[in-house]
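To start, the structure under review is shown below, and the notes come after it.
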Amino acid sequence: MSALLEVEGLVKHYHVRGGGGLFGAPVVLKAVDGVSFAIPAGRTLGLVGESGCGKSTTARLVLGTLARDDGQVMFDGEPVGSVRDARWRSQRRAMQMVYQDPLSALDRRLTVGKQVMEPALVHGLGAAAERHEKALSIMDAVGLSSRFFDRYPHELSGGQRQRVVLARALILSPKLLVCDEPISALDVSIQAQVINLLVDLQEKFSLTYLFISHDLKVVRQVAHEVAVMYLGRVVERGDPEALFHAPAHPYTQALVGAIPTPRTRGRARAALQGDPPSPINTPPGCSFHPRCPRAEARCRSEAPLLRPLDDGRFAACHFPVLSTPAREAA
Amino acid sequence: MLGYIASRAFRALVTILLVLTFAFFILNATGDPAILILSADAPPEAIEAFREEWGLNAPLWKQYLGYLWNLAHGELGRSMRDGRDAWAVVSERIPVTLAITIPALIIKLVIGISAGIVAALWRDTWVDRLVMAFSVTGYTVPSFVLGLALMLVFAVQLGWLPAAGADSWRHAILPIITLGVAGAAVLARFTRSAMLEVLGQPFIRTGLAKGLVWRAVVIGHAFPNAAIPTLTIAGFMIGSLVAGAVVVESVFAWPGVGRLLVSAVGNRDLMVVQAILLLVTVTMVSANLIVDIVYGFVDPRLRTARGGPARGGT
Amino acid sequence: MSDASLPSTEVETSGRRRFFRAWPPAVLLALAWIAFIALVSIFADWLKPYDFMALDLRDRLAEPVFMDGTFRHLLGSDELGRDVLSRLIESVRMSLVIAFLSTLIAAGIGVSLGFLAAHFRGWVEQIILGAIDFMAAIPFLIIALAVLAFFGNTLTLFILLMGMHGWERIARITRGLAIAAKEQGYAAAASEIGASPFRVYGAHILPNIASTLIVAMTLNIPEVILLESGLSFLGLGVQPPLTSLGNMVGYGREYIQTAPWILLSPAVVIILTTLAVSVVGDWLRDRLDPTLR
C-alpha cells in the first residue's frame, strides 16, 4: 500500500540580513534544505535533531501552514498547498497538530469545552448538541473527565492541558497527527503518561504520526521509523532499534552517545565538538564536517547524498559506520 | 545618522503634503465658495464673475495643482473676504499670538519640569501629592473653564486685571497664566513619571551603592536620562506655539491666530483657513522633526528602531 | 476580567483595609459620580423640572438657591428665563452620549486598522502606521474646526468627527498586541485548524486584548468630553437649540459679570466628570494592564 504522507525534496529558505545592521549583506538561512520521507498509514515517523535543525519548520511545511520554496507534499493522494483554499480547509480535517507548549496553544479566555469544540464549529460539523456530545466523548478518550468542560486552561495541570490540545486535534477524526515536541514542556513524571496515551490513541483511532522530538530516547518508544535531521537535511533514516544500537552517521552516533545509559557507559562517547550549528552560512560540502571527528578532505567539498546502506537504512555520509565495526577506507 | 535625518525629513514632508491635500479637498468638497461668500440670492452675473476671478470654474484637480504651484512660489492666495493676501492676514496675527504663547511656554517649562522633578525626588510626601493634585487639574479642567474662572476672580470680583481685549500688557497676563498653568500641569506629570522610571533603573542604584552622593547621582545620571522622554512633550508644546491658543484667545478676546481661525472658519474664508493650517502643520511637523533629530543624537538606539525601513516594535 | 484579582503578599489585614486597598476611596467616589451622571442621563426626561428650551420671561436671570434665589429655579435661570438645572441635565446627557459614541467609533476604527496592520503587515501596515503618525502629529482641534465649519454642522457629523479623535492610539495598541498575540500559540493554533481571520481576530485575539482596549477607551472619554466642550464653547460644536456642557459655558460667558451661575454648574460638571473618568481609567490601567503607559 502507498504511504499516507509523502514528502519529496522539501525546501524552505529565509532571506535575512546579515550582521552590520541595515547594510549587512543579505544571507540565506536554509531552514529546510531538501527533506524527503514517507509515512505509511497507521505508522509513526520520528523526526529527531537539535533545536534549530528545521524539525518544526518541516512540520509546518508538511501541514501547509507555511509556504514552501520547493518540493512536494502529498497527503492521501492529494497535494498539500499553503494557499487557504477549499482543499486546504478540507485537509485541515484530516491533518492536525499537537503543540509543544499546551498553555500557549490554548486560549486562556475560552473554556476547555469551547476550545475542544472549536474545530468542529469552524468546519461546520454537526449541530451544537452533537458537537457537545462529540467533545465529551473525545475528552473521555484522552482521559479528561467531563468536569473539565467548563474550566479554563490556567486551572489545569500541564498534562491535562496537553490532553485538551489532543482532544482538540482529534475531534475532527484526523488521519495524520503532527506532534511537535508534545512532551518536552511537561514534567518528567507526566511525560510517560502522555507517550502511552499517544500510543493508545494511535491504535484506537488508527492514526498516523509525524513525531518530532529532540530526544532520541522518546522517539525510540513511539516511532516505527526514525529520521535524524541536521541543519535542514535528513542525515540518517531507518529502523529505530538499528539506528539506536548502531548509528551509521557520525551525528547520529553523537546523539546516541549523548544519552546516558548503562549500555553506553563503557564505550567511549562520540562527543560533539566545534561550534553549535547555525543554519546561516552552512559550510560547503557536508554541513556536519566542522564538528565531525571523522571528517576528511572529501567532506569539505562534496555534500553526501542520502544513500541506502546494506541493512536497509539510509545515511548521508561519505564514511558511514557500518553495522560491523569495520570502517571504509578512505 | 544622515540617513536617519533624511528619512525623518521625508516623513515630515509627506505629512505636510497630506495635510495640504486633505485641507484642500475637504474645504472644496463642502460647498460652492461663491455661493457661501456671496449668498445664494446674489445676482448670477456676480457669482459668475466671482468664480472667474478665483478660478473656481476650473476642474478640481487643476485648482489643486494650481494651489500647490502657488504654494511652491510662496503664494498662499488671497482672503476671499477682503481680497488681501492671505499670508499677510495670517502673519500679522502671529506676533500677537506669540506674545502670549512664548511667556506661557517658559512658565510651562520652568514650573512643569521643576515641579515634576521635585515630586519624583520627594515621592509619596505631601509635596508629591500637591504636585500631583495640581497636575490632575491640567488634565481635567478645560482651558476655557480655567480662563473663565481666572477672569471671574481677578477681573470681575477683584478687578485687578482687565477681563478681555489686547490694549495693554496687563491684558496678556490672564491668557498667559491660563495657558501656562494647564501646560505646566501636564509637563509636571510627565516629568515626574520619567524621573521615577529613571530613578528605579539599576544604574542609579549602582551609582548609589558605589557611594556616590545622592545629589551627584541625580544631577549626573537621572536628569539626562529623564530628559529624553520629557523632550517629546516639550517638542509638542513648542510645535503648538501658534495653534495651541485657539480656545484661550477666544475666552479673552485676544486677537491672535486662533481667533482669526475661528472667525475665518465662521466666514468660510478658504484661503485664510488653509494658510493657517499650513502654518500650524509646518510648525508642528518641524518641531517633531527637530525632536526626532535631537533624539537621534541623544539615543542612538532610536535611529534604527524608528527610522529604518524595517519598522518593528509596537 | 475575572483574572483581575491582585496577588496580595501582605499579611492579612482587616477586611475593610483590604477592601479599600482594592477600591481606593477616590476611585469609589469617581465611580459613584459616573454612576450618578449616567443615571441622570438615562432618566433625564423625568428629572428635568422644566423643558430645557422653555422660556420663563417673568423670571429671567433668576439667582440660584445658593445665591439667595428661590426654589423656582434651583440653579437659577438664564437671560431668556430658561431653567439652568433642566439645561444642565439635558447637556450632561448630550455630552455623555457624544463622548461614548465617539469613543466607540474611535475604538472601531482603531481596532480594525490595528488588526489590518497586524494581519497583512507589509505595505498595508506601512500605510496604517503612516496614518497613525499623521494623526498624532496634527493638532486635531484645528482640523476639526475646519471640517465642522465647512461641512456645516449636524449632530451626526459632529459625533463622527469626534470619533476621529484618539483612534490612532487604539490602533497602535491593537497592532502591537495583535502582533504579539499572533506569535503566541493560541492564535496560530486557531488559524491552523482552518479558522478564518475573522474568527481568529474576533473570537480569540480580541477577547484576549480586550482589557487593555477597555482601559485605552476609558482614557479616551475625558479627552473627547474636553474636545467636545471646547468646540461647543467656541460655538462650533453642538448647535442650538440643542445644548451641551460646553455650549452652556460659552453662552454663560456673556453673563459672567451679571449672572456667573449660568456657567458655574456646567463648568463644575465638566471638571468632575473628566476627573472621575480619568481616575477610573488610571485605576483600571494599574489593575488590568500596568504595561500600558
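Residue numbers start at 1 in each chain; chains themselves are named A, B, ... in the order of the C-alpha cells; ligands are numbered from 1 in the order shown.
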
Pull the helix (DSSP H, G or I) assignments for segment 85-306 of chain A out of DSSP run on the backbone, and list those residues as JSON, numbers by chain. {"A": [86, 87, 88, 89, 90, 91, 92, 102, 103, 104, 105, 112, 113, 114, 115, 116, 117, 118, 119, 120, 121, 122, 128, 129, 130, 131, 132, 133, 134, 135, 136, 137, 138, 139, 140, 141, 146, 147, 148, 153, 154, 155, 158, 159, 160, 161, 162, 163, 164, 165, 166, 167, 168, 169, 170, 188, 189, 190, 191, 192, 193, 194, 195, 196, 197, 198, 199, 200, 201, 202, 203, 204, 216, 217, 218, 219, 220, 221, 222, 240, 241, 242, 243, 244, 245, 250, 251, 252, 253, 254, 255, 256, 257, 258, 262, 263, 264, 265, 289, 290, 291, 297, 298, 299, 300, 301]}

Near-segment 170-180 of chain C list (6 Å; only C-alpha atoms; drop same-chain fewer than 3 positions) as a short mmCIF file (atom, residue, chain, number, x, y, z; two decimals) with C-alpha atoms, in the first residue's frame:
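Once written, out_16.cif looks like this:
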```cif
data_model
loop_
_atom_site.label_atom_id
_atom_site.label_comp_id
_atom_site.auth_asym_id
_atom_site.auth_seq_id
_atom_site.Cartn_x
_atom_site.Cartn_y
_atom_site.Cartn_z
CA THR B 314 4.87 48.17 18.83
CA GLY C 110 -8.61 51.77 15.78
CA VAL C 111 -9.20 48.06 16.33
CA LEU C 113 -6.92 49.26 11.41
CA GLY C 114 -4.73 47.73 14.11
CA PHE C 115 -5.86 44.25 13.11
CA ALA C 118 -1.07 43.17 12.16
CA TRP C 167 -8.35 56.16 17.09
CA GLU C 183 3.30 34.98 17.74
#
```

Determine which residues of chain C sit within 7 Å of chain B, taking into account only C-alpha atoms, and present them as a PyMOL selection string. chain C and resi 134+137-138+146-147+149-151+176+226+230+256-257+267+271+274-275

Give me the chain C side of the contact with chain A, cut-off 9 Å, one line per residue showing its nearest atom pair and distance in Å at one decimal, counting only C-alpha atoms, sorted by chain and residue number, as CSV.
```
residue,atom,partner,partner_atom,distance
C:Gln184,CA,A:Ser104,CA,6.2
C:Gly185,CA,A:Ala105,CA,4.1
C:Tyr186,CA,A:Ala105,CA,4.1
C:Ala187,CA,A:Ala105,CA,7.7
C:Ala188,CA,A:Ala105,CA,7.8
C:Ala189,CA,A:Ala105,CA,6.0
C:Ala190,CA,A:Pro119,CA,8.1
C:Ser191,CA,A:Thr65,CA,8.7
C:Glu192,CA,A:Thr65,CA,6.5
C:Ile193,CA,A:Arg92,CA,5.8
C:Gly194,CA,A:Arg89,CA,5.6
C:Ala195,CA,A:Val122,CA,5.7
C:Ser196,CA,A:Val122,CA,8.1
C:Arg199,CA,A:Val122,CA,8.6
C:His204,CA,A:Asp107,CA,6.8
C:Ile205,CA,A:Asp107,CA,8.8
C:Pro207,CA,A:Arg109,CA,6.8
C:Asn208,CA,A:Arg109,CA,6.3
```

Export of prior selection with C-alpha atoms as an mmCIF file, in the first residue's frame:
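For reference, selection.cif as written:
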```cif
data_model
loop_
_atom_site.group_PDB
_atom_site.id
_atom_site.type_symbol
_atom_site.label_atom_id
_atom_site.label_comp_id
_atom_site.auth_asym_id
_atom_site.auth_seq_id
_atom_site.Cartn_x
_atom_site.Cartn_y
_atom_site.Cartn_z
ATOM 1 C CA GLN C 184 1.692 33.212 20.645
ATOM 2 C CA GLY C 185 0.363 29.767 20.091
ATOM 3 C CA TYR C 186 -3.347 30.205 20.571
ATOM 4 C CA ALA C 187 -3.914 32.457 17.573
ATOM 5 C CA ALA C 188 -1.693 30.343 15.335
ATOM 6 C CA ALA C 189 -3.408 27.214 16.616
ATOM 7 C CA ALA C 190 -6.830 28.609 15.745
ATOM 8 C CA SER C 191 -5.622 29.660 12.331
ATOM 9 C CA GLU C 192 -4.097 26.221 11.736
ATOM 10 C CA ILE C 193 -7.356 24.388 12.339
ATOM 11 C CA GLY C 194 -8.761 26.384 9.434
ATOM 12 C CA ALA C 195 -10.440 29.225 11.322
ATOM 13 C CA SER C 196 -10.991 32.330 9.208
ATOM 14 C CA ARG C 199 -12.659 34.201 13.752
ATOM 15 C CA HIS C 204 -9.575 34.775 20.009
ATOM 16 C CA ILE C 205 -7.339 37.827 19.835
ATOM 17 C CA PRO C 207 -11.121 38.876 23.923
ATOM 18 C CA ASN C 208 -7.505 38.409 24.933
#
```

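Of the residues in segment 93-299 of chain A, those that DSSP places in strand (DSSP E) on the basis of the backbone are Met95, Gln96, Met97, Val98, Leu176, Leu177, Val178, Cys179, Asp180, Thr208, Tyr209, Leu210, Phe211, Ile212, Ser213, Glu225, Val226, Ala227, Val228, Met229, Tyr230, Arg233, Val234, Val235, Glu236, Arg237 and Gly238 of chain A.
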